[in-house]
$ cat target-v1.csv   # CSV, C-alpha atoms and all ligand atoms
chain,number,residue,atom,x,y,z
U,1,MET,CA,94.5,99.8,103.8
U,2,LYS,CA,91.0,99.8,105.2
U,3,GLN,CA,88.3,97.7,103.5
U,4,MET,CA,86.7,99.5,100.6
U,5,LEU,CA,82.9,99.2,100.4
U,6,CYS,CA,80.7,100.3,97.5
U,7,SER,CA,78.7,103.3,99.0
U,8,ASN,CA,75.6,102.2,97.1
U,9,CYS,CA,75.3,98.5,98.0
U,10,GLY,CA,77.8,98.1,100.8
U,11,ASN,CA,79.6,95.2,99.2
U,12,ARG,CA,83.4,94.9,99.3
U,13,VAL,CA,85.3,96.4,96.3
U,14,PHE,CA,88.9,96.9,95.6
U,15,PHE,CA,90.7,100.3,95.8
U,16,GLU,CA,91.4,100.0,92.0
U,17,ASN,CA,87.8,99.2,91.0
U,18,LEU,CA,86.1,101.4,88.3
U,19,THR,CA,82.6,99.7,88.9
U,20,CYS,CA,80.9,97.7,91.6
U,21,GLU,CA,80.7,94.1,90.4
U,22,THR,CA,77.6,93.6,92.6
U,23,CYS,CA,75.3,96.5,91.9
U,24,GLY,CA,77.0,97.8,88.7
U,25,SER,CA,77.4,101.3,89.9
U,26,THR,CA,80.2,103.5,88.6
U,27,LEU,CA,82.8,103.9,91.4
U,28,GLY,CA,85.3,106.6,92.2
U,29,TYR,CA,87.6,107.0,95.2
U,30,ALA,CA,87.3,110.3,97.0
U,31,PRO,CA,90.7,110.9,98.7
U,32,ASP,CA,89.6,113.7,100.9
U,33,GLU,CA,86.9,111.5,102.4
U,34,GLN,CA,88.9,108.3,102.1
U,35,LEU,CA,85.8,106.5,100.7
U,36,MET,CA,84.9,104.6,97.6
U,37,LEU,CA,81.8,106.3,96.3
U,38,ALA,CA,79.1,105.1,93.9
U,39,PHE,CA,77.8,107.5,91.2
U,40,GLU,CA,75.3,108.1,88.6
U,41,VAL,CA,77.2,109.7,85.7
U,42,SER,CA,75.5,112.2,83.4
U,43,GLY,CA,77.0,114.1,80.4
U,44,GLU,CA,79.5,116.9,80.9
U,45,ASP,CA,81.3,114.8,83.5
U,46,VAL,CA,78.9,115.5,86.3
U,47,TRP,CA,79.1,112.7,88.8
U,48,ARG,CA,76.1,112.6,91.2
U,49,ARG,CA,76.7,110.5,94.3
U,50,LEU,CA,74.1,107.8,94.7
U,51,GLY,CA,72.0,108.2,97.9
U,52,LYS,CA,73.2,111.7,98.7
U,53,PRO,CA,71.3,114.3,96.7
U,54,GLY,CA,73.3,117.4,95.9
U,55,ALA,CA,76.7,115.8,96.3
U,56,GLU,CA,78.5,116.3,92.9
U,57,TYR,CA,81.9,115.3,91.8
U,58,LYS,CA,84.0,115.1,88.7
U,59,SER,CA,86.5,112.4,87.7
U,60,CYS,CA,90.2,113.0,87.6
U,61,VAL,CA,90.9,113.6,83.9
U,62,ASN,CA,93.2,110.6,83.8
U,63,ARG,CA,90.2,108.3,84.1
U,64,LYS,CA,89.6,109.0,80.4
U,65,THR,CA,92.9,107.4,79.6
U,66,GLY,CA,92.2,104.5,81.9
U,67,VAL,CA,94.9,105.3,84.5
U,68,CYS,CA,93.0,106.8,87.5
U,69,ASN,CA,89.8,106.1,89.5
U,70,TRP,CA,89.9,109.1,91.8
U,71,VAL,CA,87.3,111.9,91.9
U,72,LEU,CA,87.3,115.5,93.0
U,73,PRO,CA,84.5,117.8,94.2
U,74,THR,CA,83.0,119.7,91.3
U,75,ALA,CA,84.1,123.0,92.9
U,76,SER,CA,87.8,122.0,92.8
U,77,VAL,CA,89.9,124.2,90.5
U,78,HIS,CA,92.0,121.1,89.5
U,79,GLN,CA,91.3,118.7,86.7
U,80,HIS,CA,93.7,116.0,88.1
U,81,CYS,CA,93.5,114.3,91.4
U,82,VAL,CA,96.1,115.0,94.1
U,83,SER,CA,98.2,112.0,93.0
U,84,CYS,CA,98.1,112.6,89.2
U,85,ARG,CA,98.9,116.3,89.8
U,86,THR,CA,102.4,115.3,90.9
U,87,THR,CA,103.1,113.5,87.6
U,88,HIS,CA,105.2,115.8,85.4
U,89,THR,CA,106.4,113.5,82.6
U,90,ILE,CA,104.8,110.4,81.1
U,91,PRO,CA,106.1,108.0,78.4
U,92,GLU,CA,105.2,108.2,74.8
U,93,LEU,CA,101.7,106.7,74.7
U,94,SER,CA,101.7,105.7,71.0
U,95,LYS,CA,103.3,102.4,72.2
U,96,PRO,CA,100.5,100.3,73.8
U,97,GLU,CA,102.8,98.8,76.4
U,98,ASN,CA,103.7,102.3,77.6
U,99,GLN,CA,100.1,103.0,78.3
U,100,ARG,CA,100.0,99.8,80.5
U,101,TYR,CA,103.2,100.7,82.3
U,102,TRP,CA,102.0,104.3,83.0
U,103,ALA,CA,98.7,102.9,84.4
U,104,ALA,CA,100.5,100.4,86.7
U,105,LEU,CA,102.8,103.2,87.9
U,106,GLU,CA,99.9,105.6,88.7
U,107,GLN,CA,98.1,102.7,90.4
U,108,ALA,CA,101.0,102.0,92.8
U,109,LYS,CA,101.5,105.7,93.3
U,110,ARG,CA,97.9,106.1,94.5
U,111,ARG,CA,98.5,103.4,97.2
U,112,LEU,CA,101.5,105.5,98.3
U,113,PHE,CA,99.3,108.6,98.4
U,114,TYR,CA,96.6,106.8,100.4
U,115,THR,CA,99.1,106.4,103.2
U,116,LEU,CA,100.6,109.9,102.9
U,117,ILE,CA,97.0,111.3,103.2
U,118,GLU,CA,96.5,109.2,106.4
U,119,LEU,CA,99.8,110.5,107.8
U,120,VAL,CA,98.7,114.1,107.0
U,121,LEU,CA,101.9,114.7,105.0
U,122,PRO,CA,101.6,117.4,102.4
U,123,THR,CA,102.3,116.5,98.7
U,124,PRO,CA,102.3,119.8,96.7
U,125,ASN,CA,103.6,119.5,93.2
U,126,LYS,CA,106.3,121.8,91.7
U,127,LEU,CA,103.7,124.2,90.3
U,128,GLU,CA,102.2,124.7,93.7
U,129,ASP,CA,105.5,124.9,95.6
U,130,PRO,CA,108.5,125.2,93.2
U,131,ALA,CA,111.1,125.0,95.9
U,132,ASN,CA,109.7,122.2,98.0
U,133,GLY,CA,107.1,120.5,95.7
U,134,LEU,CA,107.1,117.0,94.2
U,135,SER,CA,107.4,115.9,90.6
U,136,PHE,CA,107.3,112.4,89.2
U,137,GLU,CA,109.1,111.7,85.9
U,138,PHE,CA,108.1,108.4,84.3
U,139,LEU,CA,110.8,107.9,81.7
U,140,GLU,CA,111.4,105.3,79.0
U,141,GLN,CA,115.0,104.5,78.3
U,142,VAL,CA,115.4,105.0,74.5
U,143,ASP,CA,119.1,105.5,74.2
U,144,PRO,CA,121.2,102.6,75.6
U,145,GLN,CA,124.0,105.2,76.3
U,146,ARG,CA,121.8,107.3,78.5
U,147,ARG,CA,120.5,105.1,81.4
U,148,VAL,CA,117.3,106.1,83.1
U,149,LEU,CA,117.9,105.5,86.8
U,150,THR,CA,115.2,105.4,89.5
U,151,GLY,CA,116.0,108.0,92.1
U,152,HIS,CA,115.2,111.2,93.9
U,153,ASP,CA,116.8,114.7,93.4
U,154,ASP,CA,115.4,117.7,95.2
U,155,GLY,CA,111.7,116.7,94.9
U,156,VAL,CA,112.0,115.1,91.4
U,157,ILE,CA,111.4,111.4,91.5
U,158,THR,CA,112.4,109.5,88.4
U,159,LEU,CA,111.2,106.0,87.6
U,160,ASN,CA,112.3,104.0,84.7
U,161,ILE,CA,109.0,102.7,83.2
U,162,ALA,CA,110.7,99.3,82.6
U,163,GLU,CA,110.1,98.7,86.3
U,164,ALA,CA,106.4,98.4,85.5
U,165,ASP,CA,107.1,95.4,83.3
U,166,ASP,CA,107.0,92.3,85.5
U,167,ALA,CA,109.6,90.3,83.6
U,168,ARG,CA,112.1,93.1,83.4
U,169,ARG,CA,111.7,94.1,87.0
U,170,GLU,CA,112.1,90.5,88.1
U,171,HIS,CA,115.2,90.3,85.9
U,172,ILE,CA,116.7,93.3,87.7
U,173,ARG,CA,115.7,92.0,91.1
U,174,LEU,CA,117.7,88.7,90.4
U,175,ALA,CA,120.6,90.5,88.9
U,176,MET,CA,120.9,92.8,91.9
U,177,HIS,CA,120.4,89.9,94.4
U,178,GLU,CA,117.4,91.7,95.9
U,179,PRO,CA,114.8,89.7,97.9
U,180,TYR,CA,112.1,92.3,97.2
U,181,ARG,CA,111.5,94.7,94.3
U,182,THR,CA,108.0,96.1,93.6
U,183,LEU,CA,106.6,99.4,92.2
U,184,LEU,CA,105.0,100.3,95.5
U,185,GLY,CA,108.3,99.6,97.2
U,186,HIS,CA,110.1,102.0,94.8
U,187,PHE,CA,107.5,104.7,95.5
U,188,ARG,CA,107.7,104.3,99.2
U,189,HIS,CA,111.6,104.3,99.2
U,190,GLU,CA,111.9,107.4,96.9
U,191,ILE,CA,109.3,109.4,98.8
U,192,GLY,CA,111.4,108.7,101.9
U,193,HIS,CA,114.2,110.7,100.4
U,194,TYR,CA,111.8,113.5,99.7
U,195,PHE,CA,110.5,113.6,103.2
U,196,TRP,CA,114.0,113.4,104.7
U,197,ASP,CA,114.4,116.9,103.1
U,198,ARG,CA,111.1,118.0,104.4
U,199,LEU,CA,111.2,116.6,108.0
U,200,VAL,CA,114.8,116.1,109.0
U,201,ARG,CA,117.1,118.4,107.1
U,202,ASP,CA,118.0,121.6,109.1
U,203,THR,CA,115.6,120.6,111.9
U,204,PRO,CA,116.0,119.8,115.6
U,205,TRP,CA,115.9,116.1,114.6
U,206,ILE,CA,119.2,116.1,112.9
U,207,ASP,CA,121.4,115.1,115.8
U,208,GLU,CA,119.2,112.1,116.8
U,209,TYR,CA,119.0,111.2,113.1
U,210,ARG,CA,122.8,111.1,112.9
U,211,SER,CA,123.1,109.0,116.1
U,212,LEU,CA,120.8,106.4,114.7
U,213,PHE,CA,121.4,106.4,110.9
U,214,GLY,CA,124.9,107.8,110.7
U,215,ASP,CA,126.3,111.1,109.3
U,216,GLU,CA,124.7,111.9,105.9
U,217,ARG,CA,127.5,114.4,105.1
U,218,ALA,CA,129.6,111.4,104.2
U,219,ASP,CA,130.4,111.5,100.5
U,220,TYR,CA,127.4,109.9,98.8
U,221,SER,CA,129.0,108.7,95.6
U,222,GLU,CA,132.1,107.4,97.4
U,223,ALA,CA,129.8,105.5,99.8
U,224,LEU,CA,127.9,103.9,97.0
U,225,LYS,CA,131.1,103.0,95.2
U,226,LYS,CA,132.3,101.3,98.4
U,227,TYR,CA,129.0,99.6,98.9
U,228,TYR,CA,128.9,98.1,95.3
U,229,ALA,CA,132.5,97.0,95.7
U,230,SER,CA,131.9,95.2,98.9
U,231,PRO,CA,128.9,95.7,101.3
U,232,VAL,CA,129.6,95.5,105.0
U,233,ALA,CA,129.3,92.0,106.2
U,234,ASP,CA,127.4,92.6,109.5
U,235,TRP,CA,124.6,94.6,107.8
U,236,PRO,CA,121.8,92.2,109.1
U,237,GLN,CA,122.6,93.2,112.7
U,238,ARG,CA,121.9,96.9,112.0
U,239,PHE,CA,120.0,97.4,108.8
U,240,ILE,CA,116.7,96.3,107.3
U,241,SER,CA,118.4,95.6,103.9
U,242,VAL,CA,121.9,95.4,102.6
U,243,TYR,CA,121.2,98.5,100.5
U,244,ALA,CA,120.3,100.4,103.6
U,245,SER,CA,124.0,100.0,104.7
U,246,SER,CA,125.3,102.0,101.7
U,247,HIS,CA,124.7,105.5,103.1
U,248,PRO,CA,122.7,107.1,105.9
U,249,TRP,CA,120.3,108.6,103.4
U,250,GLU,CA,119.6,105.2,101.9
U,251,ASP,CA,119.1,103.7,105.4
U,252,TRP,CA,116.5,106.4,106.1
U,253,ALA,CA,114.7,105.7,102.8
U,254,GLU,CA,114.8,102.0,103.2
U,255,THR,CA,113.5,102.1,106.8
U,256,TRP,CA,110.9,104.8,105.8
U,257,ALA,CA,109.5,102.4,103.2
U,258,HIS,CA,109.2,99.8,105.9
U,259,TYR,CA,107.3,102.2,108.1
U,260,LEU,CA,104.8,102.7,105.3
U,261,HIS,CA,104.7,98.9,104.6
U,262,MET,CA,103.9,98.3,108.3
U,263,ILE,CA,101.2,101.0,108.5
U,264,ASP,CA,99.4,99.7,105.4
U,265,GLY,CA,100.0,96.0,106.3
U,266,LEU,CA,98.6,96.4,109.8
U,267,GLU,CA,95.7,98.5,108.7
U,268,THR,CA,94.7,95.8,106.1
U,269,ALA,CA,95.0,93.0,108.6
U,270,ALA,CA,93.0,95.0,111.2
U,271,ALA,CA,90.4,95.9,108.6
U,272,TRP,CA,89.8,92.2,107.9
U,273,GLY,CA,89.4,91.5,111.7
U,274,THR,CA,92.6,89.4,111.7
U,275,ARG,CA,93.1,87.5,114.9
U,276,LEU,CA,96.0,85.1,115.4
U,277,ASP,CA,95.4,82.8,118.3
U,278,LEU,CA,98.8,81.3,117.9
U,279,ALA,CA,100.8,84.4,117.0
U,280,LEU,CA,103.4,83.0,119.4
U,281,PRO,CA,103.4,79.2,119.9
U,282,CYS,CA,102.6,79.6,123.6
U,283,GLY,CA,101.6,83.3,123.8
U,284,PRO,CA,98.3,85.1,124.2
U,285,PRO,CA,96.0,85.5,121.1
U,286,LEU,CA,96.7,88.6,118.9
U,287,SER,CA,93.9,90.8,117.6
U,288,VAL,CA,95.6,92.9,115.0
U,289,GLN,CA,95.3,96.6,115.5
U,290,LYS,CA,95.9,99.4,113.1
U,291,LEU,CA,99.1,101.3,114.0
U,292,ASP,CA,98.2,104.2,116.3
U,293,LEU,CA,99.6,107.2,114.4
U,294,LYS,CA,99.5,109.4,117.5
U,295,ALA,CA,101.3,106.8,119.8
U,296,GLN,CA,104.3,108.1,121.7
U,297,SER,CA,106.2,105.0,120.6
U,298,ILE,CA,105.6,102.1,118.1
U,299,ARG,CA,108.3,99.8,119.5
U,300,ASN,CA,105.7,97.4,121.0
U,301,ALA,CA,103.5,97.5,117.9
U,302,VAL,CA,106.4,96.4,115.7
U,303,VAL,CA,107.3,93.5,117.9
U,304,GLU,CA,103.8,92.4,119.0
U,305,GLN,CA,101.8,93.1,115.9
U,306,TRP,CA,103.9,93.5,112.8
U,307,LEU,CA,106.4,90.7,113.3
U,308,PRO,CA,103.7,88.0,113.8
U,309,VAL,CA,101.5,89.3,111.0
U,310,SER,CA,104.4,89.5,108.5
U,311,GLN,CA,105.6,86.0,109.5
U,312,PHE,CA,102.0,84.7,109.0
U,313,ILE,CA,101.9,86.3,105.6
U,314,ASN,CA,105.2,84.6,104.6
U,315,ALA,CA,104.0,81.3,105.9
U,316,MET,CA,100.9,81.6,103.7
U,317,ASP,CA,103.0,82.6,100.8
U,318,ARG,CA,105.1,79.4,101.2
U,319,SER,CA,101.9,77.3,101.5
U,320,LEU,CA,100.9,78.7,98.1
U,321,GLY,CA,104.2,78.2,96.4
U,322,ALA,CA,105.0,81.9,96.3
U,323,HIS,CA,108.1,83.9,97.4
U,324,ASP,CA,107.9,85.5,100.9
U,325,SER,CA,106.1,88.8,100.6
U,326,TYR,CA,108.1,90.2,103.4
U,327,PRO,CA,111.6,88.7,103.2
U,328,PHE,CA,113.1,90.9,106.0
U,329,ILE,CA,114.3,90.4,109.5
U,330,VAL,CA,113.5,93.4,111.8
U,331,VAL,CA,116.3,93.6,114.4
U,332,PRO,CA,116.3,95.9,117.5
U,333,PRO,CA,118.4,98.7,115.9
U,334,VAL,CA,115.9,98.8,113.0
U,335,ILE,CA,113.0,99.0,115.5
U,336,GLU,CA,114.7,102.1,117.0
U,337,LYS,CA,114.9,103.7,113.6
U,338,LEU,CA,111.3,102.9,112.8
U,339,ASP,CA,110.3,104.5,116.1
U,340,PHE,CA,112.3,107.6,115.3
U,341,ILE,CA,110.6,107.9,111.9
U,342,HIS,CA,107.3,107.5,113.6
U,343,ARG,CA,108.1,110.3,116.0
U,344,VAL,CA,109.4,112.6,113.2
U,345,VAL,CA,106.2,112.1,111.1
U,346,SER,CA,103.8,112.6,113.9
U,347,ALA,CA,105.6,115.7,115.1
U,348,GLY,CA,105.6,117.1,111.6
U,349,SER,CA,101.9,116.3,110.8
U,350,SER,CA,100.7,117.6,114.2
U,351,GLY,CA,102.8,120.8,113.7
U,352,SER,CA,104.8,120.5,116.8
U,353,VAL,CA,108.0,120.5,114.7
U,354,PRO,CA,107.6,122.6,111.6
U,355,MET,CA,108.2,120.8,108.3
U,356,ASN,CA,110.3,122.3,105.5
U,357,PHE,CA,107.5,123.4,103.2
U,358,LEU,CA,108.1,127.2,103.2
U,359,PRO,CA,110.5,128.6,100.7
U,360,ARG,CA,114.1,128.0,101.8
U,361,ARG,CA,116.0,131.1,103.0
U,362,GLY,CA,118.2,132.5,100.3
U,363,THR,CA,116.5,130.6,97.4
U,401,ZN,ZN,77.7,98.3,94.7
U,402,ZN,ZN,94.1,110.9,89.1
U,403,ZN,ZN,117.4,105.7,97.6
$ encode --input "target-v1.csv" --output "structure tokens" --more "lines below"
Ligand SMILES: [Zn+2]
Ligand SMILES: [Zn+2]
Ligand SMILES: [Zn+2]
Amino acid sequence: MKQMLCSNCGNRVFFENLTCETCGSTLGYAPDEQLMLAFEVSGEDVWRRLGKPGAEYKSCVNRKTGVCNWVLPTASVHQHCVSCRTTHTIPELSKPENQRYWAALEQAKRRLFYTLIELVLPTPNKLEDPANGLSFEFLEQVDPQRRVLTGHDDGVITLNIAEADDARREHIRLAMHEPYRTLLGHFRHEIGHYFWDRLVRDTPWIDEYRSLFGDERADYSEALKKYYASPVADWPQRFISVYASSHPWEDWAETWAHYLHMIDGLETAAAWGTRLDLALPCGPPLSVQKLDLKAQSIRNAVVEQWLPVSQFINAMDRSLGAHDSYPFIVVPPVIEKLDFIHRVVSAGSSGSVPMNFLPRRGT
């Protein structure tokens, strides 16, 4: 992510801030402009941008419930920001912890949306595009017999709100022997399934997809059963995670999540002016660059930029007594898959290969 600066005083703020700690201004993030703006707020929810007469905004209505800091132009017909508009179901808020979980989920989702906006990928909700839109269901498991599973089904992304509880999420991570489990990681994985439908299904990419990831027509539940019984032993040579080896759809979603991790990670490192003089023990110095979203290929960027940056982050984690933030080994077949995802996304967002956003034939 780029550095966020208060538009009033120019000091650094975080993407999640509601006010500027330095000048005290009310802050709101304007997704269309990708800027953190400072406001003078008057009654009737009119937000006047400081230093820019005439620029008026309104807050996303979820700000009132403490879960959102995004703003919209006053002329917008919407009351919710582009991210909150995709949330269809929220948990029962009479329980105070559910309010906290919902806020944590929306916060992670806005980080996902930040990157999707950069990638120029559309995110209509199901009201705007019933056939191809998105809908998030944040559900609490109330009946032990009816498990709430995190997953994607035809644009509907379900998350068990227990994932927003650090202790419970860590418990699941250990029980599942996973090296990494975060809310943002869930969002980036599940949206990968959604964009497979939008960018690969029934498109000219399908043959190359199958040659890299395998044939997704393989029976999904059989594949998962086989995976849970005994995952393939040589997965580290071909996949980014053991779960990616369960089915070609999961491989796509896992690798897609890493594409988004890499875009955001490199952008953050570049935005801080990161330079690693000893990126390789005897190699040239590395000035970290943001991933070029229009590049023909990202193979070199993965090897020369992302690998040293992620290794540096892990080294820092260990110096601070924390777990590795990026406990993954990116092998050459995974680099080929990342490069494919990059080409698919840039062709989709530039319009050179149409995305599946029009109503499907026959439906
Ligand atoms: Zn300020
Ligand atoms: Zn919002
Ligand atoms: Zn999945």
$ closest_atom_pairs --input "target-v1.csv" --of "chain U" --to "ligand ZN 401 (chain U)" --cutoff "12 Å" --atoms "only C-alpha atoms and all ligand atoms" --output "tab-separated table"
residue	atom	partner	partner_atom	distance
U:Met4	CA	U:ZN401	ZN	10.8
U:Leu5	CA	U:ZN401	ZN	7.8
U:Cys6	CA	U:ZN401	ZN	4.6
U:Ser7	CA	U:ZN401	ZN	6.7
U:Asn8	CA	U:ZN401	ZN	5.0
U:Cys9	CA	U:ZN401	ZN	4.1
U:Gly10	CA	U:ZN401	ZN	6.1
U:Asn11	CA	U:ZN401	ZN	5.8
U:Arg12	CA	U:ZN401	ZN	8.1
U:Val13	CA	U:ZN401	ZN	8.0
U:Phe14	CA	U:ZN401	ZN	11.3
U:Asn17	CA	U:ZN401	ZN	10.8
U:Leu18	CA	U:ZN401	ZN	11.0
U:Thr19	CA	U:ZN401	ZN	7.7
U:Cys20	CA	U:ZN401	ZN	4.5
U:Glu21	CA	U:ZN401	ZN	6.7
U:Thr22	CA	U:ZN401	ZN	5.1
U:Cys23	CA	U:ZN401	ZN	4.1
U:Gly24	CA	U:ZN401	ZN	6.1
U:Ser25	CA	U:ZN401	ZN	5.7
U:Thr26	CA	U:ZN401	ZN	8.4
U:Leu27	CA	U:ZN401	ZN	8.3
U:Gly28	CA	U:ZN401	ZN	11.5
U:Met36	CA	U:ZN401	ZN	10.0
U:Leu37	CA	U:ZN401	ZN	9.1
U:Ala38	CA	U:ZN401	ZN	7.0
U:Phe39	CA	U:ZN401	ZN	9.8
U:Glu40	CA	U:ZN401	ZN	11.8
U:Leu50	CA	U:ZN401	ZN	10.2
U:Gly51	CA	U:ZN401	ZN	11.9
$ closest_residue --input "target-v1.csv" --among "U:Gly43, U:Pro130, U:Pro31, U:Pro236" --to "Cys60 of chain U" --atoms "all atoms listed in the file"
U:Pro31
$ atom_distance --input "target-v1.csv" --atom1 "atom CA of Val61 of chain U" --atom2 "atom CA of Leu112 of chain U"
19.6 Å
$ residues_around --input "target-v1.csv" --residues "segment 211-220 of chain U" --least-positions-apart "6" --cutoff "10 Å" --atoms "only C-alpha atoms" --output "ChimeraX atom specification"
/U:226,238-239,244-252,255,333-334,336-337,340
$ write_last_selection --input "target-v1.csv" --atoms "C-alpha atoms" --output "PDB file, in the frame of the given file"
ATOM      1  CA  LYS U 226     132.300 101.300  98.400  1.00  0.00           C
ATOM      2  CA  ARG U 238     121.900  96.900 112.000  1.00  0.00           C
ATOM      3  CA  PHE U 239     120.000  97.400 108.800  1.00  0.00           C
ATOM      4  CA  ALA U 244     120.300 100.400 103.600  1.00  0.00           C
ATOM      5  CA  SER U 245     124.000 100.000 104.700  1.00  0.00           C
ATOM      6  CA  SER U 246     125.300 102.000 101.700  1.00  0.00           C
ATOM      7  CA  HIS U 247     124.700 105.500 103.100  1.00  0.00           C
ATOM      8  CA  PRO U 248     122.700 107.100 105.900  1.00  0.00           C
ATOM      9  CA  TRP U 249     120.300 108.600 103.400  1.00  0.00           C
ATOM     10  CA  GLU U 250     119.600 105.200 101.900  1.00  0.00           C
ATOM     11  CA  ASP U 251     119.100 103.700 105.400  1.00  0.00           C
ATOM     12  CA  TRP U 252     116.500 106.400 106.100  1.00  0.00           C
ATOM     13  CA  THR U 255     113.500 102.100 106.800  1.00  0.00           C
ATOM     14  CA  PRO U 333     118.400  98.700 115.900  1.00  0.00           C
ATOM     15  CA  VAL U 334     115.900  98.800 113.000  1.00  0.00           C
ATOM     16  CA  GLU U 336     114.700 102.100 117.000  1.00  0.00           C
ATOM     17  CA  LYS U 337     114.900 103.700 113.600  1.00  0.00           C
ATOM     18  CA  PHE U 340     112.300 107.600 115.300  1.00  0.00           C
TER      19      PHE U 340
END
$ closest_atom_pairs --input "target-v1.csv" --of "chain U" --to "ligand ZN 402 (chain U)" --cutoff "6 Å" --atoms "all atoms listed in the file" --output "Markdown table"
| residue | atom | partner | partner_atom | distance |
| --- | --- | --- | --- | --- |
| U:Cys60 | CA | U:ZN402 | ZN | 4.7 |
| U:Asn62 | CA | U:ZN402 | ZN | 5.4 |
| U:Cys68 | CA | U:ZN402 | ZN | 4.5 |
| U:Trp70 | CA | U:ZN402 | ZN | 5.3 |
| U:His80 | CA | U:ZN402 | ZN | 5.2 |
| U:Cys81 | CA | U:ZN402 | ZN | 4.1 |
| U:Ser83 | CA | U:ZN402 | ZN | 5.8 |
| U:Cys84 | CA | U:ZN402 | ZN | 4.3 |
$ closest_atom_pairs --input "target-v1.csv" --of "chain U" --to "ligand ZN 403 (chain U)" --cutoff "8 Å" --atoms "all atoms listed in the file" --output "Markdown table"
| residue | atom | partner | partner_atom | distance |
| --- | --- | --- | --- | --- |
| U:Gly151 | CA | U:ZN403 | ZN | 6.1 |
| U:His152 | CA | U:ZN403 | ZN | 7.0 |
| U:His189 | CA | U:ZN403 | ZN | 6.2 |
| U:Glu190 | CA | U:ZN403 | ZN | 5.8 |
| U:Gly192 | CA | U:ZN403 | ZN | 8.0 |
| U:His193 | CA | U:ZN403 | ZN | 6.6 |
| U:Trp249 | CA | U:ZN403 | ZN | 7.1 |
| U:Glu250 | CA | U:ZN403 | ZN | 4.9 |
| U:Ala253 | CA | U:ZN403 | ZN | 5.9 |
| U:Glu254 | CA | U:ZN403 | ZN | 7.2 |
$ build_atoms --input "target-v1.csv" --residues "segment 214-227 of chain U" --atoms "N, CA and C atoms" --output "tab-separated table (two decimals), in the frame of the given file"
chain	number	residue	atom	x	y	z
U	214	GLY	N	123.60	107.47	111.14
U	214	GLY	CA	124.90	107.80	110.70
U	214	GLY	C	124.92	109.26	110.11
U	215	ASP	N	126.12	109.74	109.75
U	215	ASP	CA	126.30	111.10	109.30
U	215	ASP	C	126.08	111.20	107.78
U	216	GLU	N	124.99	111.85	107.37
U	216	GLU	CA	124.70	111.90	105.90
U	216	GLU	C	125.60	112.80	105.16
U	217	ARG	N	126.50	113.53	105.86
U	217	ARG	CA	127.50	114.40	105.10
U	217	ARG	C	128.59	113.56	104.54
U	218	ALA	N	128.62	112.26	104.88
U	218	ALA	CA	129.60	111.40	104.20
U	218	ALA	C	129.38	111.40	102.72
U	219	ASP	N	130.47	111.43	101.96
U	219	ASP	CA	130.40	111.50	100.50
U	219	ASP	C	129.51	110.44	99.91
U	220	TYR	N	128.44	110.87	99.23
U	220	TYR	CA	127.40	109.90	98.80
U	220	TYR	C	127.96	108.98	97.68
U	221	SER	N	128.61	109.55	96.67
U	221	SER	CA	129.00	108.70	95.60
U	221	SER	C	130.17	107.75	95.99
U	222	GLU	N	131.03	108.26	96.88
U	222	GLU	CA	132.10	107.40	97.40
U	222	GLU	C	131.49	106.22	98.20
U	223	ALA	N	130.46	106.56	99.00
U	223	ALA	CA	129.80	105.50	99.80
U	223	ALA	C	129.20	104.45	98.95
U	224	LEU	N	128.54	104.89	97.86
U	224	LEU	CA	127.90	103.90	97.00
U	224	LEU	C	128.94	103.05	96.26
U	225	LYS	N	130.04	103.70	95.86
U	225	LYS	CA	131.10	103.00	95.20
U	225	LYS	C	131.63	101.84	96.11
U	226	LYS	N	131.84	102.24	97.37
U	226	LYS	CA	132.30	101.30	98.40
U	226	LYS	C	131.34	100.17	98.58
U	227	TYR	N	130.07	100.55	98.63
U	227	TYR	CA	129.00	99.60	98.90
U	227	TYR	C	128.96	98.56	97.71
